[in-house]
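In what follows, a single structure is set out as structure tokens and then discussed.
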Amino acid sequence: MRRKDLFYLLIALCFLSTLDSGALAEEKYPTKEIKMIFPAPPGGFQDIAFRLISENLEKILGVRMIITHQTGSGGAAGTHYLVKSKPDGYTLGCISSAHLILLPATLPNVPYKYSDLDPLCKFASSPTVVFCKGDAPWKTLEELVADARKRPGEITYGATTNSISHLQMEGFLKDAGINMLHVPLSAVGQTITRILGGNLDIGVGALTPVVTQLKAGTLRALFLATQERVSIFPQIPTLDEKGYRKPLIILHSGFYAPVGVAKSTRETLEKAFEKTIKDPGLKKRLEEEGTILEHAPSEVFAKEIQEEYDRVTKFIRSAGPRK
């Protein structure tokens, strides 16, 4: 073999070796802990749900999951932090529909769009529940509606401002043709405290944080703003079966990455999330907490996000003031 031919052969072998090394480096993901961003304070439904599945997820991936609560601006701060993070697979987010869909749809200055994050999969949802104190005069949805018609604007309800619960309650009030006074709060925990203290009439929020009080009887659920009853409280009716509109948007949570994560890294994460979420032992544990465990792969989840965003923006544009 001529010296020139040998020289080109060595160059080609070096090039192929470099490609092989790069492929092996990609296959090794993950090699260090993964930071999971939560835009909401601890104690919410997605925080409770993730803590129950994180142990299994860590076993599958072989690394620790570090929970980081990046709160502020109603969830926009943490979500925007994830949007701007390096797309290397080591900073992910557990983001709810309230933060990714509702905020950009309702507030003009939110610095991101729902399409600015890469949805890896959907993993859980929590129905919105409307509740009152255990000894309150209303035992049914019908009794609450009848009383509100007699006393327009006098019954108070608490809901986190610009939340899914807030939107769903306003939609219900418009459909029912009644008026209640909204008391803006920052978290469902505040709502529960005020109702138990007798300073608020009605509460609206995710079911998960209210489960303990409902079981104890200190709070009473009047209805669920969802399409189906839940197994943990089969006696609670839904708005759908009472003849009201179906929810515009459901409080759900998914796993997201900054746009641009490598394909092999993305596939590793998707497989790990799917295996974790489909573990049959977790389903019952989460249902007992008022959370519905459900897996929707990336493409299906992305379509659901877009449809919900379109419904919310259409409702916001068409909704006039309540009478």
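Chain labels run A, B, ... following the order of the structure tokens; each chain numbers its residues from 1, and ligands are numbered from 1 in the order shown.
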Discussion item. Which residues are near A:Met65? Cut-off 8 Å, only C-alpha atoms, ignore same chain within fewer than 5 positions. Put them as a list in words.
Written reply: Glu33, Ile34, Lys35, Met36, Ser54 and Glu58 of chain A
Discussion item. When DSSP is applied to the backbone of this structure, which of stretch 89-272 of chain A are assigned helix (DSSP H, G or I)? Write them out as a PyMOL selection string.
Written reply: chain A and resi 97-106+114-116+141-150+164-176+188-196+208-216+263-272
Worksheet item: Using the chain letters and numbers from this document, which residues of stretch 136-250 of chain A does DSSP assign to strand (DSSP E), as a PyMOL selection string?
Response: chain A and resi 156-160+181-185+202-206+219-225
Just want the 9 Å neighbourhood of A:Thr79, counted on only C-alpha atoms, with same-chain residues fewer than 3 positions away dropped. Output as a short mmCIF file (atom, residue, chain, number, x, y, z; two decimals) with C-alpha atoms, in the first residue's frame.
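Result saved to selection.cif:
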```
data_model
loop_
_atom_site.label_atom_id
_atom_site.label_comp_id
_atom_site.auth_asym_id
_atom_site.auth_seq_id
_atom_site.Cartn_x
_atom_site.Cartn_y
_atom_site.Cartn_z
CA ILE A 37 -38.24 22.25 38.28
CA PHE A 38 -41.60 22.89 39.96
CA PRO A 39 -43.11 26.35 39.35
CA GLN A 70 -38.88 27.96 41.38
CA THR A 71 -41.92 29.92 42.51
CA GLY A 75 -45.87 29.93 38.27
CA ALA A 76 -44.54 31.92 35.31
CA LEU A 82 -37.10 25.94 32.34
CA VAL A 83 -37.66 27.51 28.90
CA LYS A 84 -34.26 29.26 29.22
CA GLY A 93 -39.76 20.43 34.59
CA ILE A 95 -45.27 21.72 34.79
CA HIS A 99 -48.69 27.34 34.23
CA LEU A 100 -48.10 26.35 30.61
CA TYR A 112 -43.27 32.37 26.96
CA LEU A 117 -41.28 23.75 25.95
#
```
Worksheet item: Neighbours of stretch 127-130 of chain A within 6 Å (only C-alpha atoms; same-chain residues fewer than 2 positions away dropped), as a ChimeraX atom specification?
Response: /A:203-207,221-226
Please produce an output containing N, CA and C atoms for each residue in the selection, written as a short mmCIF file (atom, residue, chain, number, x, y, z; two decimals), in the first residue's frame.
```
data_model
loop_
_atom_site.label_atom_id
_atom_site.label_comp_id
_atom_site.auth_asym_id
_atom_site.auth_seq_id
_atom_site.Cartn_x
_atom_site.Cartn_y
_atom_site.Cartn_z
N GLY A 203 -65.14 26.99 48.55
CA GLY A 203 -63.76 26.85 48.09
C GLY A 203 -63.71 26.12 46.76
N VAL A 204 -62.74 26.47 45.95
CA VAL A 204 -62.54 25.81 44.66
C VAL A 204 -61.05 25.52 44.51
N GLY A 205 -60.72 24.27 44.21
CA GLY A 205 -59.31 23.93 44.06
C GLY A 205 -59.13 22.50 43.62
N ALA A 206 -57.89 22.10 43.45
CA ALA A 206 -57.58 20.72 43.09
C ALA A 206 -58.02 19.77 44.21
N LEU A 207 -58.47 18.60 43.82
CA LEU A 207 -58.97 17.63 44.80
C LEU A 207 -57.88 17.14 45.75
N ALA A 221 -67.75 18.18 49.88
CA ALA A 221 -67.67 18.43 48.44
C ALA A 221 -69.08 18.54 47.86
N LEU A 222 -69.30 19.57 47.04
CA LEU A 222 -70.59 19.77 46.40
C LEU A 222 -70.61 19.23 44.97
N PHE A 223 -69.52 19.40 44.25
CA PHE A 223 -69.43 18.82 42.91
C PHE A 223 -67.99 18.89 42.40
N LEU A 224 -67.73 18.12 41.36
CA LEU A 224 -66.44 18.10 40.69
C LEU A 224 -66.58 18.77 39.32
N ALA A 225 -65.64 19.63 38.99
CA ALA A 225 -65.63 20.25 37.66
C ALA A 225 -64.81 19.36 36.74
N THR A 226 -65.38 18.21 36.43
CA THR A 226 -64.71 17.23 35.59
C THR A 226 -65.77 16.40 34.88
#
```
Within 9 Å of stretch 277-298 of chain A, which residues of stretch 144-219 of chain A come that close, and what is the closest atom pair and distance in Å for each? Count only C-alpha atoms and give it as JSON lines.
```
{"residue": "A:Ala206", "atom": "CA", "partner": "A:Gly290", "partner_atom": "CA", "distance": 8.6}
{"residue": "A:Leu207", "atom": "CA", "partner": "A:Gly290", "partner_atom": "CA", "distance": 5.7}
{"residue": "A:Thr208", "atom": "CA", "partner": "A:Gly290", "partner_atom": "CA", "distance": 4.4}
{"residue": "A:Pro209", "atom": "CA", "partner": "A:Gly290", "partner_atom": "CA", "distance": 8.0}
{"residue": "A:Val210", "atom": "CA", "partner": "A:Gly290", "partner_atom": "CA", "distance": 8.3}
{"residue": "A:Val211", "atom": "CA", "partner": "A:Gly290", "partner_atom": "CA", "distance": 6.3}
{"residue": "A:Thr212", "atom": "CA", "partner": "A:Glu289", "partner_atom": "CA", "distance": 8.4}
```
Worksheet item: In terms of the shortest atom-to-atom distance over only C-alpha atoms, which of A:Gly171, A:Leu61, A:Leu269, A:Lys215 is closest to A:Ser318?
Response: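 Closest to A:Ser318, using only C-alpha atoms: A:Gly171.
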With only C-alpha atoms counted and 12 Å as the cut-off, give the residues of stretch 121-195 of chain A in contact with stretch 234-255 of chain A, each with its shortest interatomic distance in Å and the pair that gives it, as a Markdown table.
```
| residue | atom | partner | partner_atom | distance |
| --- | --- | --- | --- | --- |
| A:Cys121 | CA | A:Gly254 | CA | 5.6 |
| A:Lys122 | CA | A:Gly254 | CA | 4.0 |
| A:Phe123 | CA | A:Gly254 | CA | 5.2 |
| A:Ala124 | CA | A:Ser253 | CA | 5.5 |
| A:Ser125 | CA | A:His252 | CA | 3.9 |
| A:Ser126 | CA | A:Leu251 | CA | 5.8 |
| A:Pro127 | CA | A:Leu251 | CA | 6.6 |
| A:Thr128 | CA | A:Leu251 | CA | 7.3 |
| A:Val129 | CA | A:Ile236 | CA | 9.1 |
| A:Val130 | CA | A:Ile236 | CA | 10.0 |
| A:Phe131 | CA | A:Ile236 | CA | 10.4 |
| A:Lys139 | CA | A:Ile236 | CA | 10.8 |
| A:Thr140 | CA | A:Pro237 | CA | 9.1 |
| A:Leu141 | CA | A:Pro237 | CA | 8.7 |
| A:Glu142 | CA | A:Lys242 | CA | 9.2 |
| A:Val145 | CA | A:Lys242 | CA | 11.9 |
| A:Ser163 | CA | A:Leu251 | CA | 9.2 |
| A:Ile164 | CA | A:Leu251 | CA | 6.5 |
| A:Ser165 | CA | A:Leu251 | CA | 8.3 |
| A:His166 | CA | A:Ile249 | CA | 11.3 |
| A:Leu167 | CA | A:Leu248 | CA | 8.5 |
| A:Gln168 | CA | A:Pro247 | CA | 6.6 |
| A:Met169 | CA | A:Pro247 | CA | 9.8 |
| A:Glu170 | CA | A:Pro247 | CA | 11.2 |
| A:Gly171 | CA | A:Arg245 | CA | 8.2 |
| A:Phe172 | CA | A:Tyr244 | CA | 7.2 |
| A:Leu173 | CA | A:Tyr244 | CA | 10.0 |
| A:Lys174 | CA | A:Tyr244 | CA | 10.2 |
| A:Asp175 | CA | A:Tyr244 | CA | 6.8 |
| A:Ala176 | CA | A:Tyr244 | CA | 7.8 |
| A:Gly177 | CA | A:Tyr244 | CA | 11.3 |
```
Give me a file of those residues, with N, CA and C atoms, as a compact mmCIF listing (two decimals), in the first residue's frame.
```txt
# COMPACT_ATOMS: atom_id res chain seq x y z
N CYS A 121 -44.17 13.87 28.21
CA CYS A 121 -45.36 13.04 28.41
C CYS A 121 -46.24 13.67 29.49
N LYS A 122 -47.49 13.30 29.48
CA LYS A 122 -48.42 13.65 30.55
C LYS A 122 -48.33 12.57 31.62
N PHE A 123 -48.48 12.96 32.90
CA PHE A 123 -48.36 11.90 33.90
C PHE A 123 -49.47 11.89 34.96
N ALA A 124 -50.16 12.99 35.20
CA ALA A 124 -51.18 12.95 36.24
C ALA A 124 -52.14 14.12 36.09
N SER A 125 -53.33 13.95 36.67
CA SER A 125 -54.31 15.03 36.69
C SER A 125 -55.04 14.99 38.03
N SER A 126 -55.62 16.14 38.38
CA SER A 126 -56.39 16.22 39.62
C SER A 126 -57.67 17.01 39.33
N PRO A 127 -58.83 16.41 39.56
CA PRO A 127 -60.09 17.12 39.29
C PRO A 127 -60.24 18.35 40.18
N THR A 128 -60.91 19.35 39.67
CA THR A 128 -61.25 20.53 40.48
C THR A 128 -62.50 20.22 41.29
N VAL A 129 -62.46 20.50 42.57
CA VAL A 129 -63.59 20.23 43.45
C VAL A 129 -64.09 21.55 44.03
N VAL A 130 -65.41 21.68 44.14
CA VAL A 130 -66.04 22.82 44.79
C VAL A 130 -66.56 22.33 46.13
N PHE A 131 -66.15 22.99 47.22
CA PHE A 131 -66.42 22.46 48.56
C PHE A 131 -66.81 23.57 49.52
N LYS A 139 -75.93 21.19 50.92
CA LYS A 139 -75.52 19.78 50.84
C LYS A 139 -75.41 19.31 49.39
N THR A 140 -75.96 20.06 48.47
CA THR A 140 -75.94 19.68 47.06
C THR A 140 -75.65 20.90 46.19
N LEU A 141 -75.29 20.64 44.96
CA LEU A 141 -75.09 21.72 43.98
C LEU A 141 -76.37 22.51 43.80
N GLU A 142 -77.50 21.82 43.74
CA GLU A 142 -78.78 22.48 43.52
C GLU A 142 -79.11 23.46 44.64
N VAL A 145 -76.97 26.61 44.17
CA VAL A 145 -77.46 27.44 43.06
C VAL A 145 -78.73 28.20 43.48
N SER A 163 -56.24 30.90 38.10
CA SER A 163 -55.98 29.45 38.12
C SER A 163 -57.04 28.73 37.30
N ILE A 164 -56.82 27.45 37.08
CA ILE A 164 -57.82 26.64 36.39
C ILE A 164 -59.10 26.58 37.20
N SER A 165 -58.97 26.48 38.53
CA SER A 165 -60.15 26.46 39.40
C SER A 165 -60.96 27.74 39.24
N HIS A 166 -60.28 28.86 39.18
CA HIS A 166 -60.92 30.17 39.01
C HIS A 166 -61.68 30.21 37.68
N LEU A 167 -61.03 29.78 36.60
CA LEU A 167 -61.66 29.78 35.28
C LEU A 167 -62.87 28.85 35.26
N GLN A 168 -62.72 27.66 35.83
CA GLN A 168 -63.82 26.71 35.82
C GLN A 168 -65.01 27.22 36.63
N MET A 169 -64.75 27.85 37.77
CA MET A 169 -65.84 28.37 38.60
C MET A 169 -66.56 29.50 37.88
N GLU A 170 -65.82 30.38 37.22
CA GLU A 170 -66.45 31.47 36.49
C GLU A 170 -67.30 30.93 35.33
N GLY A 171 -66.81 29.87 34.69
CA GLY A 171 -67.60 29.25 33.63
C GLY A 171 -68.89 28.65 34.16
N PHE A 172 -68.80 28.00 35.34
CA PHE A 172 -69.99 27.43 35.96
C PHE A 172 -70.99 28.52 36.35
N LEU A 173 -70.52 29.59 36.97
CA LEU A 173 -71.41 30.68 37.38
C LEU A 173 -72.12 31.29 36.18
N LYS A 174 -71.41 31.43 35.09
CA LYS A 174 -72.01 32.00 33.88
C LYS A 174 -73.08 31.05 33.34
N ASP A 175 -72.78 29.76 33.30
CA ASP A 175 -73.76 28.77 32.82
C ASP A 175 -74.99 28.72 33.71
N ALA A 176 -74.78 28.82 35.04
CA ALA A 176 -75.89 28.72 35.98
C ALA A 176 -76.67 30.02 36.09
N GLY A 177 -76.11 31.11 35.58
CA GLY A 177 -76.78 32.40 35.65
C GLY A 177 -76.83 32.97 37.06
```
Worksheet item: So, counting only C-alpha atoms, which residue among A:Ile48, A:Gly134, A:Thr31, A:Pro152 is closest to A:Ala216?
Response: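 Distance minimum relative to A:Ala216 lands on A:Gly134.
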Worksheet item: What does the distance from atom CA of A:Leu92 to atom CA of A:Lys32 come to in Å, to one decimal?
Response: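 Atom CA of A:Lys32 lies 13.3 Å from atom CA of A:Leu92.
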Worksheet item: Which is closest to A:His69 among A:Asp47, A:Asp88, A:Glu307, A:Glu55, if we use only C-alpha atoms?
Response: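 Answer, going by the shortest atom-to-atom distance: A:Asp47.
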Using only C-alpha atoms, which residues sit within 12 Å of A:Thr193 once same-chain residues fewer than 6 positions away are excluded, as an mmCIF file with N, CA and C atoms, in the first residue's frame?
```cif
data_model
loop_
_atom_site.group_PDB
_atom_site.id
_atom_site.type_symbol
_atom_site.label_atom_id
_atom_site.label_comp_id
_atom_site.auth_asym_id
_atom_site.auth_seq_id
_atom_site.Cartn_x
_atom_site.Cartn_y
_atom_site.Cartn_z
ATOM 1 N N CYS A 132 -67.357 23.163 50.651
ATOM 2 C CA CYS A 132 -67.744 24.101 51.707
ATOM 3 C C CYS A 132 -67.413 23.459 53.051
ATOM 4 N N LYS A 133 -67.668 24.167 54.130
ATOM 5 C CA LYS A 133 -67.437 23.621 55.462
ATOM 6 C C LYS A 133 -68.408 22.474 55.723
ATOM 7 N N GLY A 158 -63.549 31.217 47.264
ATOM 8 C CA GLY A 158 -62.111 31.446 47.185
ATOM 9 C C GLY A 158 -61.477 30.549 46.147
ATOM 10 N N LEU A 185 -57.050 34.396 46.175
ATOM 11 C CA LEU A 185 -56.107 33.781 47.102
ATOM 12 C C LEU A 185 -54.907 33.255 46.320
ATOM 13 N N ALA A 187 -53.181 30.268 47.108
ATOM 14 C CA ALA A 187 -53.033 28.811 47.141
ATOM 15 C C ALA A 187 -54.276 28.187 47.759
ATOM 16 N N ASN A 199 -64.485 32.210 57.497
ATOM 17 C CA ASN A 199 -64.288 33.491 56.822
ATOM 18 C C ASN A 199 -64.531 33.427 55.319
ATOM 19 N N LEU A 200 -64.983 32.289 54.835
ATOM 20 C CA LEU A 200 -65.222 32.085 53.410
ATOM 21 C C LEU A 200 -66.316 31.041 53.265
ATOM 22 N N ASP A 201 -67.167 31.193 52.260
ATOM 23 C CA ASP A 201 -68.287 30.269 52.099
ATOM 24 C C ASP A 201 -67.932 29.034 51.274
ATOM 25 N N ILE A 202 -67.378 29.264 50.086
ATOM 26 C CA ILE A 202 -67.141 28.191 49.123
ATOM 27 C C ILE A 202 -65.670 28.182 48.727
ATOM 28 N N GLY A 203 -65.141 26.990 48.552
ATOM 29 C CA GLY A 203 -63.763 26.848 48.089
ATOM 30 C C GLY A 203 -63.710 26.115 46.765
ATOM 31 N N PRO A 209 -55.185 18.266 47.473
ATOM 32 C CA PRO A 209 -54.913 18.864 48.793
ATOM 33 C C PRO A 209 -56.105 18.863 49.750
ATOM 34 N N VAL A 210 -57.310 18.520 49.245
ATOM 35 C CA VAL A 210 -58.526 18.596 50.064
ATOM 36 C C VAL A 210 -58.952 17.222 50.578
ATOM 37 N N GLN A 213 -59.325 16.474 54.493
ATOM 38 C CA GLN A 213 -60.441 17.180 55.133
ATOM 39 C C GLN A 213 -61.788 16.612 54.689
ATOM 40 N N THR A 218 -64.709 17.474 57.823
ATOM 41 C CA THR A 218 -64.623 18.905 58.162
ATOM 42 C C THR A 218 -64.935 19.774 56.950
ATOM 43 N N LEU A 219 -64.751 19.206 55.743
ATOM 44 C CA LEU A 219 -65.169 19.858 54.504
ATOM 45 C C LEU A 219 -66.144 18.944 53.775
#
```
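If only C-alpha atoms are the atoms counted, then among A:Thr313, A:Gln306, A:Thr68, A:Asn56 the closest residue to A:Tyr114 is A:Gln306.
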Worksheet item: Of the candidates A:Lys150, A:Val230, A:Thr191, A:Ile60, which one gets nearest to A:Thr268 if we count only C-alpha atoms?
Response: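 Looking only at the distances to A:Thr268, the closest residue turns out to be A:Ile60.
Straight-line separation from atom CA of A:Asp310 to atom CA of A:Lys113: 12.6 Å.
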Worksheet item: Which one is closest to A:Ile66: A:Val183, A:Arg51, A:Ile316, A:Ile195? Count only C-alpha atoms.
Response: A:Arg51
